[in-house]
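Content type compact mmCIF, C-alpha atoms and all ligand atoms, from the file my_file.txt:
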# COMPACT_ATOMS: atom_id res chain seq x y z
CA MET A 1 -89.87 51.96 -7.21
CA LYS A 2 -93.30 51.58 -5.62
CA VAL A 3 -95.10 54.46 -3.90
CA LEU A 4 -98.06 53.97 -1.55
CA GLY A 5 -100.17 57.14 -1.33
CA PHE A 6 -102.81 58.29 1.17
CA GLU A 7 -105.38 61.07 0.61
CA SER A 8 -107.52 62.22 3.55
CA SER A 9 -107.78 66.02 3.20
CA CYS A 10 -111.56 66.25 3.13
CA ASP A 11 -114.38 63.74 2.64
CA GLU A 12 -112.76 60.95 0.63
CA THR A 13 -110.35 58.37 1.99
CA GLY A 14 -108.11 57.36 -0.90
CA VAL A 15 -105.22 54.88 -1.03
CA ALA A 16 -103.24 53.88 -4.11
CA LEU A 17 -100.06 52.15 -5.20
CA VAL A 18 -98.09 53.40 -8.22
CA GLU A 19 -94.84 52.25 -9.75
CA THR A 20 -92.23 54.45 -11.44
CA ARG A 21 -91.10 53.49 -14.93
CA PRO A 22 -87.82 54.41 -16.62
CA ASP A 23 -89.49 55.24 -19.93
CA GLY A 24 -92.66 57.10 -18.98
CA PRO A 25 -94.90 58.46 -16.24
CA PRO A 26 -95.61 56.25 -13.22
CA ARG A 27 -98.15 53.47 -13.63
CA LEU A 28 -101.15 52.98 -11.34
CA LEU A 29 -101.06 49.45 -9.89
CA ALA A 30 -104.17 49.64 -7.70
CA GLU A 31 -106.34 52.17 -5.93
CA ALA A 32 -109.26 52.19 -3.51
CA LEU A 33 -111.53 54.98 -2.41
CA HIS A 34 -114.20 55.47 0.22
CA SER A 35 -116.46 58.46 -0.26
CA GLN A 36 -118.12 60.01 2.83
CA VAL A 37 -120.86 61.66 0.76
CA ALA A 38 -123.61 59.61 2.41
CA LEU A 39 -122.20 60.33 5.89
CA HIS A 40 -122.33 64.13 5.44
CA ALA A 41 -125.44 64.35 3.23
CA ALA A 42 -127.83 64.89 6.14
CA TYR A 43 -125.85 67.97 7.22
CA GLY A 44 -125.68 69.61 3.78
CA GLY A 45 -121.88 69.79 3.92
CA VAL A 46 -118.76 68.20 5.38
CA VAL A 47 -118.68 67.89 9.20
CA PRO A 48 -114.94 67.93 10.01
CA GLU A 49 -115.07 65.79 13.16
CA LEU A 50 -117.15 63.09 11.44
CA ALA A 51 -114.75 63.19 8.49
CA SER A 52 -111.70 62.54 10.69
CA ARG A 53 -113.37 59.67 12.51
CA ASP A 54 -114.44 58.02 9.28
CA HIS A 55 -110.94 58.33 7.78
CA ILE A 56 -109.62 56.44 10.84
CA ARG A 57 -112.15 53.65 10.24
CA ARG A 58 -111.42 53.30 6.51
CA VAL A 59 -107.76 53.94 5.95
CA LEU A 60 -106.16 50.62 6.94
CA PRO A 61 -108.77 48.33 5.30
CA LEU A 62 -108.37 50.38 2.09
CA ALA A 63 -104.57 50.05 2.27
CA ARG A 64 -104.88 46.27 2.69
CA GLN A 65 -107.26 46.14 -0.27
CA VAL A 66 -104.88 48.11 -2.49
CA LEU A 67 -101.91 45.90 -1.67
CA ALA A 68 -103.98 42.76 -2.24
CA ASP A 69 -105.33 44.07 -5.58
CA ALA A 70 -101.79 44.94 -6.71
CA GLY A 71 -100.46 41.55 -5.51
CA CYS A 72 -97.85 43.36 -3.39
CA THR A 73 -96.74 43.26 0.20
CA LEU A 74 -95.84 46.22 2.40
CA VAL A 75 -92.13 45.44 2.35
CA GLU A 76 -92.10 46.11 -1.42
CA VAL A 77 -93.16 49.74 -0.84
CA ASP A 78 -90.24 52.17 -1.35
CA LEU A 79 -91.92 55.45 -0.38
CA VAL A 80 -95.07 56.30 1.59
CA ALA A 81 -96.82 59.50 0.48
CA TYR A 82 -99.65 61.41 2.11
CA THR A 83 -101.56 64.65 1.60
CA ARG A 84 -99.88 67.21 3.84
CA GLY A 85 -102.32 70.02 2.98
CA PRO A 86 -104.31 72.05 2.31
CA GLY A 87 -107.44 70.57 3.87
CA LEU A 88 -109.20 69.89 7.15
CA ALA A 89 -106.59 69.68 9.92
CA GLY A 90 -108.05 66.64 11.71
CA ALA A 91 -108.67 64.77 8.46
CA LEU A 92 -105.15 65.47 7.20
CA LEU A 93 -103.69 64.21 10.49
CA VAL A 94 -105.20 60.75 9.94
CA GLY A 95 -103.50 60.14 6.59
CA ALA A 96 -100.28 61.80 7.76
CA GLY A 97 -100.20 59.78 10.99
CA VAL A 98 -100.80 56.46 9.24
CA ALA A 99 -98.32 57.18 6.44
CA VAL A 100 -95.50 58.37 8.69
CA ALA A 101 -96.02 55.48 11.14
CA LEU A 102 -96.02 52.96 8.29
CA ALA A 103 -92.88 54.46 6.79
CA ALA A 104 -91.13 54.39 10.17
CA ALA A 105 -92.11 50.76 10.74
CA LEU A 106 -90.87 49.80 7.26
CA GLY A 107 -87.69 51.87 7.52
CA LYS A 108 -88.71 53.73 4.34
CA PRO A 109 -89.10 57.48 3.73
CA ALA A 110 -92.41 59.35 3.96
CA LEU A 111 -93.29 62.31 1.77
CA GLY A 112 -95.94 64.96 2.43
CA VAL A 113 -97.60 65.96 -0.86
CA HIS A 114 -99.48 69.17 -1.70
CA HIS A 115 -103.09 68.24 -2.48
CA LEU A 116 -103.29 70.64 -5.44
CA GLU A 117 -100.04 69.32 -6.86
CA GLY A 118 -101.75 65.93 -6.82
CA HIS A 119 -104.72 67.32 -8.78
CA LEU A 120 -102.45 69.24 -11.13
CA LEU A 121 -100.33 66.23 -12.07
CA SER A 122 -103.27 63.78 -12.21
CA PRO A 123 -103.56 63.96 -16.05
CA PHE A 124 -100.31 61.95 -16.04
CA LEU A 125 -102.54 59.02 -15.04
CA GLY A 126 -104.50 59.43 -18.30
CA ASP A 127 -103.89 57.69 -21.61
CA GLU A 128 -101.66 60.46 -22.90
CA ALA A 129 -99.48 62.49 -20.53
CA PRO A 130 -99.01 66.18 -21.33
CA ALA A 131 -95.47 67.46 -21.89
CA PHE A 132 -94.12 70.39 -19.86
CA PRO A 133 -94.60 73.32 -19.89
CA PHE A 134 -98.35 73.82 -19.74
CA VAL A 135 -101.07 75.98 -18.25
CA ALA A 136 -103.22 74.32 -15.58
CA LEU A 137 -106.75 75.20 -14.59
CA LEU A 138 -107.30 73.92 -11.04
CA VAL A 139 -110.99 73.86 -10.23
CA SER A 140 -111.96 72.16 -6.99
CA GLY A 141 -114.36 72.79 -4.14
CA GLY A 142 -111.94 75.15 -2.41
CA HIS A 143 -109.71 76.46 -5.21
CA THR A 144 -109.96 78.10 -8.62
CA GLN A 145 -106.52 78.89 -9.97
CA LEU A 146 -104.65 79.21 -13.24
CA MET A 147 -101.06 78.05 -12.89
CA GLN A 148 -98.13 78.02 -15.26
CA VAL A 149 -96.42 74.66 -14.86
CA GLU A 150 -92.79 74.57 -15.97
CA GLY A 151 -92.03 71.13 -14.57
CA VAL A 152 -92.65 68.95 -11.52
CA GLY A 153 -92.58 71.27 -8.48
CA ARG A 154 -92.27 74.44 -10.61
CA TYR A 155 -95.58 76.29 -10.44
CA VAL A 156 -96.28 79.97 -11.03
CA LEU A 157 -99.68 81.37 -10.07
CA LEU A 158 -101.25 83.30 -12.98
CA GLY A 159 -104.61 84.10 -11.42
CA GLU A 160 -107.12 82.86 -8.87
CA THR A 161 -110.53 83.51 -7.42
CA ILE A 162 -110.86 86.55 -5.21
CA ASP A 163 -113.85 85.04 -3.38
CA ASP A 164 -115.74 81.76 -3.95
CA ALA A 165 -114.22 78.83 -5.85
CA ALA A 166 -115.96 77.46 -8.96
CA GLY A 167 -116.90 74.29 -7.07
CA GLU A 168 -118.34 76.42 -4.28
CA ALA A 169 -120.40 78.34 -6.86
CA PHE A 170 -121.78 75.02 -8.13
CA ASP A 171 -122.41 73.75 -4.60
CA LYS A 172 -124.04 76.93 -3.24
CA SER A 173 -126.23 77.38 -6.34
CA ALA A 174 -127.25 73.73 -6.10
CA LYS A 175 -128.30 74.27 -2.49
CA LEU A 176 -130.45 77.25 -3.57
CA LEU A 177 -132.12 74.95 -6.10
CA GLY A 178 -132.87 72.40 -3.39
CA LEU A 179 -130.31 69.90 -4.67
CA GLY A 180 -128.32 67.73 -2.27
CA TYR A 181 -124.65 67.73 -1.32
CA PRO A 182 -122.26 67.72 -3.16
CA GLY A 183 -124.17 70.01 -5.47
CA GLY A 184 -121.89 70.19 -8.52
CA PRO A 185 -122.72 66.83 -10.09
CA ALA A 186 -126.44 67.18 -9.17
CA LEU A 187 -126.64 70.66 -10.72
CA ALA A 188 -124.86 69.40 -13.85
CA ARG A 189 -127.37 66.54 -14.19
CA LEU A 190 -130.36 68.88 -13.84
CA ALA A 191 -128.78 71.37 -16.29
CA ASP A 192 -129.02 68.70 -19.04
CA PHE A 193 -132.79 69.32 -19.12
CA GLY A 194 -132.61 73.13 -19.08
CA ASP A 195 -132.02 76.07 -21.38
CA PRO A 196 -128.65 77.75 -20.63
CA ALA A 197 -129.94 81.04 -22.10
CA ALA A 198 -133.17 81.12 -20.04
CA TYR A 199 -131.81 83.47 -17.35
CA ALA A 200 -129.23 86.21 -17.89
CA LEU A 201 -126.77 85.63 -15.04
CA PRO A 202 -123.58 87.65 -14.55
CA ARG A 203 -120.17 86.44 -15.79
CA PRO A 204 -118.00 88.13 -13.11
CA LEU A 205 -114.61 89.47 -14.27
CA LEU A 206 -115.17 87.99 -17.75
CA HIS A 207 -113.72 91.05 -19.45
CA SER A 208 -111.17 92.04 -16.82
CA ALA A 209 -107.61 92.19 -18.14
CA ASN A 210 -106.20 89.88 -15.45
CA LEU A 211 -106.63 86.13 -14.93
CA ASP A 212 -108.56 86.35 -11.66
CA PHE A 213 -112.03 84.96 -11.02
CA SER A 214 -114.96 85.99 -8.83
CA PHE A 215 -118.04 83.85 -8.24
CA ALA A 216 -119.68 85.39 -5.16
CA GLY A 217 -121.84 87.77 -7.26
CA LEU A 218 -123.10 84.88 -9.37
CA LYS A 219 -124.32 83.05 -6.27
CA THR A 220 -126.21 86.21 -5.20
CA ALA A 221 -127.79 86.49 -8.67
CA VAL A 222 -128.88 82.84 -8.53
CA MET A 223 -130.37 83.48 -5.08
CA THR A 224 -132.29 86.53 -6.34
CA GLN A 225 -133.61 84.58 -9.33
CA ALA A 226 -134.55 81.56 -7.18
CA ARG A 227 -136.46 83.87 -4.77
CA LYS A 228 -138.30 85.48 -7.69
CA LEU A 229 -139.38 82.06 -8.89
CA GLY A 230 -140.56 81.25 -5.35
CA PRO A 231 -140.92 77.98 -3.43
CA ASN A 232 -143.29 76.46 -5.99
CA ILE A 233 -140.79 76.72 -8.84
CA CYS A 234 -141.68 74.27 -11.64
CA GLU A 235 -139.27 71.54 -12.74
CA GLN A 236 -138.53 73.24 -16.07
CA SER A 237 -137.61 76.55 -14.41
CA ARG A 238 -135.33 74.73 -11.97
CA ALA A 239 -133.60 72.99 -14.86
CA ASP A 240 -133.36 76.29 -16.77
CA LEU A 241 -131.80 78.03 -13.77
CA ALA A 242 -129.37 75.13 -13.27
CA ALA A 243 -128.38 75.27 -16.97
CA SER A 244 -127.98 79.07 -16.86
CA THR A 245 -125.82 78.85 -13.73
CA GLN A 246 -123.62 76.16 -15.22
CA ALA A 247 -123.27 78.18 -18.44
CA ALA A 248 -122.18 81.30 -16.51
CA ILE A 249 -119.51 79.39 -14.53
CA VAL A 250 -118.27 77.52 -17.60
CA ASP A 251 -118.11 80.66 -19.78
CA VAL A 252 -115.83 82.41 -17.30
CA LEU A 253 -113.58 79.35 -16.76
CA VAL A 254 -113.22 78.84 -20.52
CA ALA A 255 -112.56 82.51 -21.35
CA LYS A 256 -109.89 82.90 -18.67
CA SER A 257 -108.19 79.59 -19.53
CA LEU A 258 -107.94 80.55 -23.21
CA ARG A 259 -106.64 83.96 -22.22
CA ALA A 260 -103.99 82.30 -20.03
CA LEU A 261 -102.91 80.12 -22.97
CA GLU A 262 -102.65 83.14 -25.23
CA ALA A 263 -100.82 85.26 -22.64
CA SER A 264 -98.28 82.53 -21.82
CA GLY A 265 -97.84 81.30 -25.40
CA HIS A 266 -98.34 77.70 -24.22
CA ARG A 267 -100.38 75.30 -26.33
CA ARG A 268 -101.27 72.75 -23.66
CA LEU A 269 -103.92 73.18 -20.98
CA VAL A 270 -104.36 70.73 -18.13
CA VAL A 271 -107.65 70.72 -16.25
CA ALA A 272 -107.80 69.18 -12.79
CA GLY A 273 -109.97 69.14 -9.67
CA GLY A 274 -113.55 68.08 -9.11
CA VAL A 275 -115.16 70.64 -11.44
CA GLY A 276 -112.95 69.21 -14.21
CA ALA A 277 -115.47 66.34 -14.30
CA ASN A 278 -118.09 68.76 -15.69
CA LEU A 279 -118.86 67.63 -19.23
CA ARG A 280 -120.07 71.02 -20.46
CA LEU A 281 -116.79 72.57 -19.27
CA ARG A 282 -114.85 69.85 -21.11
CA GLU A 283 -116.83 70.34 -24.35
CA GLN A 284 -116.35 74.11 -24.36
CA LEU A 285 -112.68 73.99 -23.39
CA ASP A 286 -111.97 71.44 -26.14
CA ALA A 287 -113.77 73.58 -28.72
CA GLY A 288 -112.14 76.84 -27.57
CA ALA A 289 -108.66 75.31 -27.45
CA ALA A 290 -109.09 73.80 -30.92
CA ARG A 291 -109.90 77.28 -32.28
CA ILE A 292 -106.50 78.58 -31.13
CA GLY A 293 -104.53 75.44 -32.00
CA ALA A 294 -104.18 74.26 -28.39
CA ARG A 295 -104.96 70.94 -26.68
CA VAL A 296 -106.61 70.12 -23.38
CA PHE A 297 -105.53 67.24 -21.13
CA TYR A 298 -107.76 65.81 -18.41
CA PRO A 299 -107.30 63.15 -15.75
CA PRO A 300 -109.46 60.05 -16.21
CA LEU A 301 -113.01 61.11 -15.21
CA ALA A 302 -112.97 59.00 -12.02
CA LEU A 303 -109.74 60.69 -10.87
CA CYS A 304 -111.00 64.30 -11.19
CA THR A 305 -112.31 64.36 -7.64
CA ASP A 306 -110.13 63.54 -4.62
CA ASN A 307 -108.33 60.19 -4.69
CA GLY A 308 -105.20 58.45 -3.46
CA ALA A 309 -103.80 57.81 -6.96
CA MET A 310 -102.98 61.48 -7.56
CA ILE A 311 -101.07 61.68 -4.27
CA ALA A 312 -99.06 58.52 -4.97
CA LEU A 313 -98.46 59.79 -8.54
CA ALA A 314 -97.24 63.25 -7.45
CA ALA A 315 -94.85 61.61 -4.98
CA ALA A 316 -93.62 59.17 -7.65
CA LEU A 317 -93.00 62.03 -10.11
CA ARG A 318 -91.08 63.88 -7.39
CA LEU A 319 -89.09 60.69 -6.79
CA GLN A 320 -88.28 60.44 -10.53
CA HIS A 321 -87.14 64.08 -10.56
CA GLY A 322 -85.00 63.73 -7.43
CA LEU A 323 -87.38 65.85 -5.38
CA ALA A 324 -88.64 63.36 -2.85
CA ASP A 325 -86.74 64.48 0.20
CA GLY A 326 -89.24 63.14 2.71
CA GLN A 327 -89.37 63.39 6.44
CA CYS A 328 -87.53 60.25 7.43
CA ASP A 329 -87.09 61.17 11.09
CA GLY A 330 -90.61 60.13 12.04
CA ALA A 331 -91.72 63.75 12.52
CA PHE A 332 -94.70 65.02 10.59
CA ASP A 333 -96.87 68.04 10.38
CA VAL A 334 -99.83 68.98 8.24
CA LYS A 335 -100.54 72.31 6.56
CA PRO A 336 -104.30 73.01 6.48
CA ARG A 337 -103.52 76.30 4.66
CA TRP A 338 -100.75 75.98 2.09
CA PRO A 339 -100.63 78.00 -1.15
CA LEU A 340 -99.29 75.86 -4.01
CA ASP A 341 -96.80 78.48 -5.13
CA GLU A 342 -95.21 78.29 -1.68
CA ILE A 343 -93.80 74.84 -2.46
CA ALA A 344 -90.02 75.34 -2.39
CA PRO A 345 -88.84 76.34 -5.90
CA ILE A 346 -86.98 73.61 -7.70
CA PRO A 347 -83.81 74.26 -9.75
CA GLN A 348 -84.61 71.85 -12.60
CA GLU A 349 -84.55 71.94 -16.39
CA THR A 350 -87.92 71.64 -18.15
CA THR A 351 -88.53 68.65 -20.37
CA ASP A 352 -90.57 70.23 -23.12
CA ALA A 353 -91.45 68.05 -26.08
O1 LIG B 401 -111.35 68.29 -6.13
P1 LIG B 401 -112.54 67.95 -5.33
O2 LIG B 401 -113.00 66.52 -5.29
O3 LIG B 401 -112.37 68.35 -3.84
C1 LIG B 401 -111.68 69.44 -3.40
O4 LIG B 401 -110.42 69.36 -3.31
O5 LIG B 401 -112.37 70.47 -3.17
O6 LIG B 401 -113.72 68.90 -5.86
C2 LIG B 401 -115.00 68.86 -5.33
C3 LIG B 401 -115.84 69.90 -6.06
C4 LIG B 401 -117.21 70.09 -5.43
O7 LIG B 401 -117.48 71.48 -5.33
C5 LIG B 401 -118.15 69.41 -6.44
O8 LIG B 401 -119.45 69.96 -6.44
C6 LIG B 401 -117.44 69.70 -7.74
O9 LIG B 401 -116.06 69.50 -7.42
N1 LIG B 401 -117.84 68.77 -8.82
C7 LIG B 401 -118.49 69.17 -9.94
C8 LIG B 401 -118.72 68.01 -10.73
N2 LIG B 401 -118.19 66.94 -10.05
C9 LIG B 401 -117.65 67.44 -8.90
N3 LIG B 401 -118.89 70.40 -10.33
C10 LIG B 401 -119.53 70.48 -11.52
N4 LIG B 401 -119.80 69.43 -12.33
C11 LIG B 401 -119.41 68.18 -11.96
N5 LIG B 401 -119.68 67.13 -12.77
ZN ZN B 402 -109.28 68.11 -4.20

How does the structure come out when it is put into structure tokens?
Amino acid sequence: MKVLGFESSCDETGVALVETRPDGPPRLLAEALHSQVALHAAYGGVVPELASRDHIRRVLPLARQVLADAGCTLVEVDLVAYTRGPGLAGALLVGAGVAVALAAALGKPALGVHHLEGHLLSPFLGDEAPAFPFVALLVSGGHTQLMQVEGVGRYVLLGETIDDAAGEAFDKSAKLLGLGYPGGPALARLADFGDPAAYALPRPLLHSANLDFSFAGLKTAVMTQARKLGPNICEQSRADLAASTQAAIVDVLVAKSLRALEASGHRRLVVAGGVGANLRLREQLDAGAARIGARVFYPPLALCTDNGAMIALAAALRLQHGLADGQCDGAFDVKPRWPLDEIAPIPQETTDA
């Protein structure tokens, strides 16, 4: 079965085609992505109205490109998937509208996918798929959550941020350092030249007994430090502050992830979402997990940030598990706010290995 997936929740238009396989996770046949980073850069952040308009411009050419790259025609598509939420309402409506209209025209079902479920299952597109159950660290621009994943569609929230997300902490700190949007990758690049121990920044909730996060205080500490250094801050101090900020965020993410593994007894950790592309985070998670006999699974680096492949994949996995009851009546709605643990619970056996 072939699944065509559309992602348009924020500032990337993603389209992908995957194919289910009887003997393994679905296979990616082709994918295409258009990033709006350049469009929003001048504004220092995503402008929702511009995002929606650009999705409209890009989505059909990208779909044509994906089908051509896969050597497929539309009539071969069995299911059309789209990001139903969470995200920007207008942006979500573009992908949802196109997907539901296409499905109706083809006489095939459409399926609205949870964006975070897409991120969470994206390591199944990697070389080695993790077996269920596992703990997942979801670290994107809007979310920082630890989830216990029993199977496809079976997610239990273990802890989450009580204020800013990890990606937001990267982005806001980057802004304070005069780096462009999106700040995470830029801050990570600058941090390579700095000393992570140069500035003592707080590690909020590091020693709290629960699995929650808090990053708002860190941003304030970075602001205070940046003000102290003043507008004529030298390149080395900027790099040192970037490295210290990255180290503070990474330390907390690693400590809480390892604690979640220990508390749940699971030995597999999946890391997904844009911040999962951070190499320092990957290094420290790998080392920490190895110390307690656990393993970490990541999506391919290019699929950490938003993309269509993860949406097509999540829909294909739902299809394989008999959970792809789409909205075949041509009706659609989007859910700009949609907690992942509010996905309807699924009565399904786990497939632990
Ligand atoms: O998952 P994603 O593409 O979009 C959302 O669903 O939010 O995540 C975007 C976030 C941004 O905050 C971006 O700065 C951050 O991921 N990010 C990074 C890196 N690459 C992307 N943060 C730190 N290091 C990176 N290499
Ligand atoms: Zn995302």

Identify, on the basis of all atoms listed in the file, every residue whose closest approach to A:Arg84 does not exceed 12 Å; exclude the query and any residue fewer than 5 positions from it along the same chain; express the result as a PyMOL selection string.
chain A and resi 5-10+89-97+99-100+110-118+311+315+326-327+332-340+343

Write as JSON, numbers by chain the residues around ligand LIG 401 (chain B), taking 9 Å as the cut-off and counting only C-alpha atoms and all ligand atoms.
{"A": [9, 10, 11, 12, 86, 87, 115, 116, 119, 138, 139, 140, 141, 142, 143, 165, 166, 167, 168, 169, 170, 171, 172, 174, 181, 182, 183, 184, 185, 186, 187, 188, 189, 246, 272, 273, 274, 275, 276, 277, 278, 279, 280, 281, 303, 304, 305, 306, 307]}

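If you look at atom CA of A:Ser257 and atom CA of A:Tyr82, they are 29.5 Å away from each other.
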
Mind checking which residues fall within 9 Å of A:His266, counting only C-alpha atoms, ignoring those fewer than 2 positions away in the same chain, and posting them as JSON, numbers by chain?
{"A": [133, 134, 135, 148, 260, 261, 262, 263, 264, 268, 269, 294]}

For the selection you just gave me, I'd like the residues written to a file as a PDB file, keeping the file's coordinate frame, keeping C-alpha atoms.
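As written to disk, again20.pdb reads:
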ATOM      1  CA  PRO A 133     -94.600  73.320 -19.890  1.00  0.00           C
ATOM      2  CA  PHE A 134     -98.350  73.820 -19.740  1.00  0.00           C
ATOM      3  CA  VAL A 135    -101.070  75.980 -18.250  1.00  0.00           C
ATOM      4  CA  GLN A 148     -98.130  78.020 -15.260  1.00  0.00           C
ATOM      5  CA  ALA A 260    -103.990  82.300 -20.030  1.00  0.00           C
ATOM      6  CA  LEU A 261    -102.910  80.120 -22.970  1.00  0.00           C
ATOM      7  CA  GLU A 262    -102.650  83.140 -25.230  1.00  0.00           C
ATOM      8  CA  ALA A 263    -100.820  85.260 -22.640  1.00  0.00           C
ATOM      9  CA  SER A 264     -98.280  82.530 -21.820  1.00  0.00           C
ATOM     10  CA  ARG A 268    -101.270  72.750 -23.660  1.00  0.00           C
ATOM     11  CA  LEU A 269    -103.920  73.180 -20.980  1.00  0.00           C
ATOM     12  CA  ALA A 294    -104.180  74.260 -28.390  1.00  0.00           C
TER      13      ALA A 294
END

Here is a test: counting all atoms listed in the file, which residue of A:Ala209, A:Ala191, A:Leu301, A:Leu120 is nearest to ligand ZN 402 (chain B)?
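Once distances to ligand ZN 402 (chain B) are computed over all atoms listed in the file, the minimum belongs to A:Leu120.
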
Contacts of stretch 226-233 of chain A within 12 Å, all atoms listed in the file, excl. fewer than 3 positions in-chain, as number ranges by chain
A: 173-178, 199, 201, 219-223, 236-242, 244-245

Just the number, please: distance in Å from atom CA of A:Leu60 to atom CA of A:Leu4, one decimal.
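Answer for the atom CA of A:Leu60 to atom CA of A:Leu4 separation: 12.2 Å.
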
Env of A:Val75: 9 Å cut, atoms = all atoms listed in the file, seq-sep filter 3 positions within chain, self excluded. Answer as a ChimeraX atom specification.
/A:72,78,106

From A:Ile249, A:Leu146, A:Val152, A:Val18, residue lying nearest A:Gly322 [all atoms listed in the file]:
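The shortest atom-to-atom distance to A:Gly322 comes from A:Val152.
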
Check the smallest atom-to-atom distance from each of A:Ala200, A:Val149, A:Leu179, A:Val98 to A:Ile56 using all atoms listed in the file, then report the winner.
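For A:Ile56, the nearest of the candidates is A:Val98.
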
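Going from atom CA of A:Pro123 over to atom CA of A:Val271, you cover 7.9 Å.
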
Counting only C-alpha atoms, the residue of A:Ala38, A:Tyr43, A:Glu342, A:Leu313 that sits nearest A:Arg21:
A:Leu313

Which one of A:Arg203, A:Arg27, A:His321, A:Arg291 sits closest to A:Ala248 if you count all atoms listed in the file?
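Selected residue with least distance to A:Ala248: A:Arg203.
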
Taking all atoms listed in the file into account, which of A:Leu125, A:Val47, A:Leu28, A:Ala309 comes nearest ligand ZN 402 (chain B)?
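Looking only at the distances to ligand ZN 402 (chain B), the closest residue turns out to be A:Ala309.
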
Kindly reconstruct stretch 64-69 of chain A with all heavy atoms and present the result as a PDB file, in the coordinates of the input.
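rebuild02.pdb, freshly written:
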ATOM      1  N   ARG A  64    -104.994  47.734   2.872  1.00  0.00           N
ATOM      2  CA  ARG A  64    -104.880  46.270   2.690  1.00  0.00           C
ATOM      3  C   ARG A  64    -105.447  45.854   1.343  1.00  0.00           C
ATOM      4  O   ARG A  64    -104.880  45.038   0.625  1.00  0.00           O
ATOM      5  CB  ARG A  64    -105.620  45.526   3.807  1.00  0.00           C
ATOM      6  CG  ARG A  64    -104.867  45.511   5.096  1.00  0.00           C
ATOM      7  CD  ARG A  64    -105.466  44.543   6.120  1.00  0.00           C
ATOM      8  NE  ARG A  64    -104.990  44.948   7.432  1.00  0.00           N
ATOM      9  CZ  ARG A  64    -105.682  45.683   8.301  1.00  0.00           C
ATOM     10  NH1 ARG A  64    -106.922  46.019   8.036  1.00  0.00           N
ATOM     11  NH2 ARG A  64    -105.162  46.029   9.449  1.00  0.00           N
ATOM     12  N   GLN A  65    -106.604  46.464   1.002  1.00  0.00           N
ATOM     13  CA  GLN A  65    -107.260  46.140  -0.270  1.00  0.00           C
ATOM     14  C   GLN A  65    -106.368  46.499  -1.468  1.00  0.00           C
ATOM     15  O   GLN A  65    -106.226  45.722  -2.418  1.00  0.00           O
ATOM     16  CB  GLN A  65    -108.586  46.893  -0.356  1.00  0.00           C
ATOM     17  CG  GLN A  65    -109.414  46.539  -1.575  1.00  0.00           C
ATOM     18  CD  GLN A  65    -110.632  47.471  -1.704  1.00  0.00           C
ATOM     19  OE1 GLN A  65    -111.187  47.913  -0.691  1.00  0.00           O
ATOM     20  NE2 GLN A  65    -111.015  47.776  -2.929  1.00  0.00           N
ATOM     21  N   VAL A  66    -105.742  47.665  -1.391  1.00  0.00           N
ATOM     22  CA  VAL A  66    -104.880  48.110  -2.490  1.00  0.00           C
ATOM     23  C   VAL A  66    -103.697  47.165  -2.676  1.00  0.00           C
ATOM     24  O   VAL A  66    -103.376  46.763  -3.803  1.00  0.00           O
ATOM     25  CB  VAL A  66    -104.391  49.565  -2.233  1.00  0.00           C
ATOM     26  CG1 VAL A  66    -103.209  49.926  -3.104  1.00  0.00           C
ATOM     27  CG2 VAL A  66    -105.532  50.543  -2.465  1.00  0.00           C
ATOM     28  N   LEU A  67    -103.066  46.794  -1.568  1.00  0.00           N
ATOM     29  CA  LEU A  67    -101.910  45.900  -1.670  1.00  0.00           C
ATOM     30  C   LEU A  67    -102.329  44.545  -2.210  1.00  0.00           C
ATOM     31  O   LEU A  67    -101.652  43.965  -3.066  1.00  0.00           O
ATOM     32  CB  LEU A  67    -101.237  45.751  -0.297  1.00  0.00           C
ATOM     33  CG  LEU A  67    -100.509  47.020   0.179  1.00  0.00           C
ATOM     34  CD1 LEU A  67    -100.157  46.930   1.663  1.00  0.00           C
ATOM     35  CD2 LEU A  67     -99.245  47.264  -0.646  1.00  0.00           C
ATOM     36  N   ALA A  68    -103.498  44.058  -1.750  1.00  0.00           N
ATOM     37  CA  ALA A  68    -103.980  42.760  -2.240  1.00  0.00           C
ATOM     38  C   ALA A  68    -104.295  42.843  -3.741  1.00  0.00           C
ATOM     39  O   ALA A  68    -103.906  41.967  -4.516  1.00  0.00           O
ATOM     40  CB  ALA A  68    -105.227  42.328  -1.455  1.00  0.00           C
ATOM     41  N   ASP A  69    -104.974  43.915  -4.161  1.00  0.00           N
ATOM     42  CA  ASP A  69    -105.330  44.070  -5.580  1.00  0.00           C
ATOM     43  C   ASP A  69    -104.076  44.155  -6.463  1.00  0.00           C
ATOM     44  O   ASP A  69    -104.075  43.697  -7.603  1.00  0.00           O
ATOM     45  CB  ASP A  69    -106.182  45.325  -5.809  1.00  0.00           C
ATOM     46  CG  ASP A  69    -107.591  45.159  -5.248  1.00  0.00           C
ATOM     47  OD1 ASP A  69    -107.934  44.022  -4.847  1.00  0.00           O
ATOM     48  OD2 ASP A  69    -108.334  46.166  -5.196  1.00  0.00           O
TER      49      ASP A  69
END
